[in-house]
Amino acid sequence: MKFRSFMDVALDEARAAAARGEVPVGAVIVYGVTIVARAGNRMRELSDPTAHAEVLAIRAACAALKSERLIGHDLYVTLEPCPMCAAAISAARIERLYYGATDPKSGGVAVGARIFSHPQCHHVPEVYDGFASVESEALLREFFAKQR
């Protein structure tokens, strides 16, 4: 099967999040070529510090499938997941993680806590970084420039 990236869908979710005044992060969960769930950050809107795009997408996918496990599913997200999201990705048993921009301040995959490298991490997804990183970084830069 030919690889198809779903980062364009994650970027659409990030743009929608920015339009709502949220930090522009978007996520999409797919099984094969089928989109199972998609979400953008909604922390301010929901007054919920756990309402990150990844967590919302995982919750929606699990609800749709009536399962706490997303075995064989891929997650595309525009920003490197934070430690909380990385732990949720592991708990959900996501097969592959694709992300755009790295997060040197709050990342939990390649920098910072490095959740998947921890000996207590029960499941480690395949990780691919740098997908649509230029677009992802530009969205974040533009959003935070407007905030200043």
# chains A, B, ... in the order shown; residues from 1 in each chain; ligands from 1

$ select_by_dssp --residues "segment 21-142 of chain A" --states "strand (DSSP E or B)" --output "ChimeraX atom specification"
/A:26-31,34-40,74-79,96-101,126-129

$ closest_residue --among "A:Arg44, A:Lys105, A:Arg114, A:Arg96" --to "Val127 of chain A" --atoms "only C-alpha atoms"
A:Arg96

$ select_by_dssp --residues "chain A" --states "alpha helix (DSSP H)" --output "NGL selection string"
:A and (7-19 or 43-46 or 53-65 or 83-91 or 133-147)

$ closest_residue --among "A:Val33, A:Ala145, A:Ala138, A:Ile115" --to "Ala88 of chain A" --atoms "only C-alpha atoms"
A:Ile115

$ closest_atom_pairs --of "segment 37-101 of chain A" --to "segment 11-27 of chain A" --cutoff "6 Å" --atoms "only C-alpha atoms" --output "CSV"
residue,atom,partner,partner_atom,distance
A:Arg38,CA,A:Ala27,CA,5.6
A:Ala39,CA,A:Ala27,CA,5.4
A:Gly40,CA,A:Gly26,CA,4.2
A:Asn41,CA,A:Ala17,CA,5.7
A:Ala53,CA,A:Ala27,CA,5.4
A:Glu54,CA,A:Ala27,CA,5.6
A:Tyr76,CA,A:Ala27,CA,5.5
A:Val77,CA,A:Ala27,CA,4.2
A:Thr78,CA,A:Val25,CA,5.7

$ atom_distance --atom1 "atom CA of Glu45 of chain A" --atom2 "atom CA of Asp74 of chain A"
26.3 Å

$ atom_distance --atom1 "atom CA of Asp103 of chain A" --atom2 "atom CA of Phe116 of chain A"
15.4 Å

$ closest_residue --among "A:Phe143, A:Tyr31, A:Tyr99, A:Ala57" --to "Ile71 of chain A" --atoms "only C-alpha atoms"
A:Tyr31

$ closest_residue --among "A:His123, A:Arg4, A:Met43, A:Val36" --to "Ala64 of chain A" --atoms "only C-alpha atoms"
A:Val36

$ closest_residue --among "A:Ile89, A:Ala110, A:Leu65, A:Met7" --to "Val124 of chain A" --atoms "only C-alpha atoms"
A:Ile89

$ closest_residue --among "A:Ala86, A:Ala91, A:Ala132, A:Val28" --to "Gly112 of chain A" --atoms "only C-alpha atoms"
A:Ala86

$ residues_around --residues "Ala37 of chain A" --least-positions-apart "5" --cutoff "8 Å" --atoms "only C-alpha atoms" --output "PDB file with all heavy atoms, in the first residue's frame"
ATOM      1  N   VAL A  28      -5.097  14.164  13.966  1.00  0.00           N
ATOM      2  CA  VAL A  28      -6.019  13.281  13.254  1.00  0.00           C
ATOM      3  C   VAL A  28      -5.568  11.841  13.480  1.00  0.00           C
ATOM      4  O   VAL A  28      -4.377  11.549  13.476  1.00  0.00           O
ATOM      5  CB  VAL A  28      -6.111  13.626  11.747  1.00  0.00           C
ATOM      6  CG1 VAL A  28      -4.774  13.489  11.051  1.00  0.00           C
ATOM      7  CG2 VAL A  28      -7.151  12.784  11.048  1.00  0.00           C
ATOM      8  N   ILE A  29      -6.530  10.963  13.725  1.00  0.00           N
ATOM      9  CA  ILE A  29      -6.250   9.533  13.910  1.00  0.00           C
ATOM     10  C   ILE A  29      -6.837   8.798  12.725  1.00  0.00           C
ATOM     11  O   ILE A  29      -8.002   9.015  12.353  1.00  0.00           O
ATOM     12  CB  ILE A  29      -6.839   9.017  15.233  1.00  0.00           C
ATOM     13  CG1 ILE A  29      -6.123   9.691  16.405  1.00  0.00           C
ATOM     14  CG2 ILE A  29      -6.723   7.489  15.320  1.00  0.00           C
ATOM     15  CD1 ILE A  29      -6.650   9.330  17.767  1.00  0.00           C
ATOM     16  N   VAL A  30      -6.014   7.944  12.126  1.00  0.00           N
ATOM     17  CA  VAL A  30      -6.452   7.193  10.949  1.00  0.00           C
ATOM     18  C   VAL A  30      -6.193   5.705  11.135  1.00  0.00           C
ATOM     19  O   VAL A  30      -5.298   5.295  11.887  1.00  0.00           O
ATOM     20  CB  VAL A  30      -5.751   7.686   9.662  1.00  0.00           C
ATOM     21  CG1 VAL A  30      -6.046   9.143   9.395  1.00  0.00           C
ATOM     22  CG2 VAL A  30      -4.262   7.469   9.716  1.00  0.00           C
ATOM     23  N   ALA A  57      -8.646  13.862  20.175  1.00  0.00           N
ATOM     24  CA  ALA A  57      -8.748  12.911  19.063  1.00  0.00           C
ATOM     25  C   ALA A  57      -8.754  11.475  19.576  1.00  0.00           C
ATOM     26  O   ALA A  57      -9.531  10.640  19.091  1.00  0.00           O
ATOM     27  CB  ALA A  57      -7.599  13.128  18.074  1.00  0.00           C
ATOM     28  N   ILE A  58      -7.917  11.176  20.553  1.00  0.00           N
ATOM     29  CA  ILE A  58      -7.890   9.826  21.130  1.00  0.00           C
ATOM     30  C   ILE A  58      -9.236   9.515  21.776  1.00  0.00           C
ATOM     31  O   ILE A  58      -9.800   8.423  21.575  1.00  0.00           O
ATOM     32  CB  ILE A  58      -6.728   9.682  22.138  1.00  0.00           C
ATOM     33  CG1 ILE A  58      -5.392   9.642  21.395  1.00  0.00           C
ATOM     34  CG2 ILE A  58      -6.906   8.426  22.997  1.00  0.00           C
ATOM     35  CD1 ILE A  58      -4.170   9.754  22.288  1.00  0.00           C
ATOM     36  N   ALA A  60     -12.185  10.762  21.070  1.00  0.00           N
ATOM     37  CA  ALA A  60     -13.197  10.608  20.026  1.00  0.00           C
ATOM     38  C   ALA A  60     -13.042   9.270  19.299  1.00  0.00           C
ATOM     39  O   ALA A  60     -14.036   8.593  19.022  1.00  0.00           O
ATOM     40  CB  ALA A  60     -13.112  11.769  19.035  1.00  0.00           C
ATOM     41  N   ALA A  61     -11.800   8.889  18.999  1.00  0.00           N
ATOM     42  CA  ALA A  61     -11.574   7.616  18.302  1.00  0.00           C
ATOM     43  C   ALA A  61     -11.980   6.437  19.175  1.00  0.00           C
ATOM     44  O   ALA A  61     -12.639   5.501  18.709  1.00  0.00           O
ATOM     45  CB  ALA A  61     -10.104   7.494  17.886  1.00  0.00           C
TER      46      ALA A  61
END

$ atom_distance --atom1 "atom CA of Arg59 of chain A" --atom2 "atom CA of Ala92 of chain A"
9.4 Å

$ residues_around --residues "Ser106 of chain A" --least-positions-apart "2" --cutoff "10 Å" --atoms "only C-alpha atoms" --output "number ranges by chain"
A: 80-83, 102-104, 108-109, 111-113

$ write_last_selection --atoms "C-alpha atoms" --output "PDB file, in the first residue's frame"
ATOM      1  CA  GLU A  80       5.502  17.230  19.144  1.00  0.00           C
ATOM      2  CA  PRO A  81       3.261  15.814  21.871  1.00  0.00           C
ATOM      3  CA  CYS A  82       3.772  17.001  25.437  1.00  0.00           C
ATOM      4  CA  PRO A  83       4.430  14.425  28.195  1.00  0.00           C
ATOM      5  CA  THR A 102       9.416  19.924  17.527  1.00  0.00           C
ATOM      6  CA  ASP A 103       8.636  21.503  20.891  1.00  0.00           C
ATOM      7  CA  PRO A 104      11.869  22.359  22.725  1.00  0.00           C
ATOM      8  CA  GLY A 108       7.601  14.868  25.612  1.00  0.00           C
ATOM      9  CA  VAL A 109       8.910  12.714  22.770  1.00  0.00           C
ATOM     10  CA  VAL A 111      13.045  16.503  24.086  1.00  0.00           C
ATOM     11  CA  GLY A 112      12.106  16.983  27.709  1.00  0.00           C
ATOM     12  CA  ALA A 113      10.546  13.976  29.414  1.00  0.00           C
TER      13      ALA A 113
END

$ decode --residues "segment 92-107 of chain A" --atoms "all heavy atoms" --output "compact mmCIF listing (two decimals), in the first residue's frame"
# COMPACT_ATOMS: atom_id res chain seq x y z
N ALA A 92 -3.12 4.37 24.75
CA ALA A 92 -4.07 4.01 23.70
C ALA A 92 -3.49 3.00 22.71
O ALA A 92 -4.21 2.49 21.86
CB ALA A 92 -4.53 5.26 22.96
N ARG A 93 -2.21 2.75 22.83
CA ARG A 93 -1.52 1.79 21.95
C ARG A 93 -1.53 2.22 20.47
O ARG A 93 -1.65 1.40 19.57
CB ARG A 93 -2.10 0.38 22.06
CG ARG A 93 -2.17 -0.21 23.47
CD ARG A 93 -0.79 -0.28 24.12
NE ARG A 93 -0.77 -1.15 25.29
CZ ARG A 93 -0.89 -0.75 26.55
NH1 ARG A 93 -1.08 0.52 26.82
NH2 ARG A 93 -0.81 -1.60 27.55
N ILE A 94 -1.37 3.53 20.26
CA ILE A 94 -1.25 4.06 18.90
C ILE A 94 -0.06 3.37 18.23
O ILE A 94 1.01 3.26 18.83
CB ILE A 94 -1.05 5.60 18.93
CG1 ILE A 94 -2.27 6.31 19.51
CG2 ILE A 94 -0.67 6.13 17.56
CD1 ILE A 94 -3.47 6.41 18.62
N GLU A 95 -0.24 2.94 17.00
CA GLU A 95 0.80 2.21 16.27
C GLU A 95 1.95 3.11 15.81
O GLU A 95 3.12 2.80 15.99
CB GLU A 95 0.18 1.51 15.06
CG GLU A 95 1.12 0.58 14.34
CD GLU A 95 1.22 -0.78 15.02
OE1 GLU A 95 0.33 -1.15 15.79
OE2 GLU A 95 2.22 -1.46 14.77
N ARG A 96 1.56 4.23 15.16
CA ARG A 96 2.55 5.15 14.60
C ARG A 96 2.16 6.58 14.92
O ARG A 96 0.99 6.95 14.83
CB ARG A 96 2.66 4.98 13.08
CG ARG A 96 3.43 3.75 12.64
CD ARG A 96 3.32 3.50 11.14
NE ARG A 96 1.97 3.07 10.79
CZ ARG A 96 1.52 1.82 10.91
NH1 ARG A 96 2.31 0.87 11.36
NH2 ARG A 96 0.28 1.52 10.58
N LEU A 97 3.18 7.38 15.27
CA LEU A 97 3.00 8.81 15.55
C LEU A 97 3.81 9.60 14.53
O LEU A 97 5.00 9.37 14.36
CB LEU A 97 3.51 9.13 16.97
CG LEU A 97 3.72 10.60 17.31
CD1 LEU A 97 2.39 11.36 17.29
CD2 LEU A 97 4.43 10.75 18.65
N TYR A 98 3.12 10.51 13.85
CA TYR A 98 3.76 11.42 12.91
C TYR A 98 3.53 12.83 13.45
O TYR A 98 2.39 13.21 13.72
CB TYR A 98 3.12 11.32 11.53
CG TYR A 98 3.18 9.95 10.90
CD1 TYR A 98 2.19 9.01 11.14
CD2 TYR A 98 4.24 9.61 10.06
CE1 TYR A 98 2.25 7.75 10.56
CE2 TYR A 98 4.31 8.35 9.47
CZ TYR A 98 3.30 7.43 9.73
OH TYR A 98 3.36 6.19 9.16
N TYR A 99 4.60 13.60 13.61
CA TYR A 99 4.39 14.98 14.07
C TYR A 99 5.23 15.96 13.27
O TYR A 99 6.24 15.60 12.66
CB TYR A 99 4.60 15.12 15.57
CG TYR A 99 6.01 14.98 16.09
CD1 TYR A 99 6.87 16.07 16.13
CD2 TYR A 99 6.46 13.77 16.60
CE1 TYR A 99 8.16 15.95 16.64
CE2 TYR A 99 7.73 13.64 17.11
CZ TYR A 99 8.58 14.73 17.13
OH TYR A 99 9.85 14.60 17.65
N GLY A 100 4.77 17.21 13.29
CA GLY A 100 5.40 18.28 12.53
C GLY A 100 6.51 18.97 13.27
O GLY A 100 7.67 18.54 13.27
N ALA A 101 6.18 20.04 13.96
CA ALA A 101 7.17 20.87 14.65
C ALA A 101 7.64 20.20 15.94
O ALA A 101 6.87 19.56 16.63
CB ALA A 101 6.55 22.23 14.97
N THR A 102 8.92 20.37 16.23
CA THR A 102 9.42 19.92 17.53
C THR A 102 9.06 20.99 18.56
O THR A 102 8.83 22.14 18.22
CB THR A 102 10.94 19.71 17.52
OG1 THR A 102 11.57 20.92 17.13
CG2 THR A 102 11.34 18.60 16.55
N ASP A 103 9.00 20.57 19.82
CA ASP A 103 8.64 21.50 20.89
C ASP A 103 9.73 21.50 21.95
O ASP A 103 9.66 20.75 22.92
CB ASP A 103 7.29 21.10 21.50
CG ASP A 103 6.76 22.14 22.47
OD1 ASP A 103 7.50 23.08 22.82
OD2 ASP A 103 5.60 22.01 22.87
N PRO A 104 10.76 22.35 21.77
CA PRO A 104 11.87 22.36 22.73
C PRO A 104 11.48 22.79 24.13
O PRO A 104 12.15 22.47 25.09
CB PRO A 104 12.87 23.34 22.11
CG PRO A 104 12.14 24.09 21.06
CD PRO A 104 10.93 23.29 20.68
N LYS A 105 10.35 23.48 24.28
CA LYS A 105 9.91 23.95 25.59
C LYS A 105 9.08 22.91 26.33
O LYS A 105 9.27 22.68 27.53
CB LYS A 105 9.10 25.23 25.44
CG LYS A 105 8.64 25.82 26.76
CD LYS A 105 7.86 27.09 26.54
CE LYS A 105 7.32 27.61 27.87
NZ LYS A 105 6.39 28.70 27.70
N SER A 106 8.15 22.26 25.65
CA SER A 106 7.19 21.38 26.32
C SER A 106 7.08 19.99 25.71
O SER A 106 6.15 19.25 26.04
CB SER A 106 5.80 22.03 26.32
OG SER A 106 5.84 23.28 26.96
N GLY A 107 7.99 19.64 24.83
CA GLY A 107 7.90 18.33 24.18
C GLY A 107 8.07 17.17 25.14
O GLY A 107 8.71 17.31 26.18
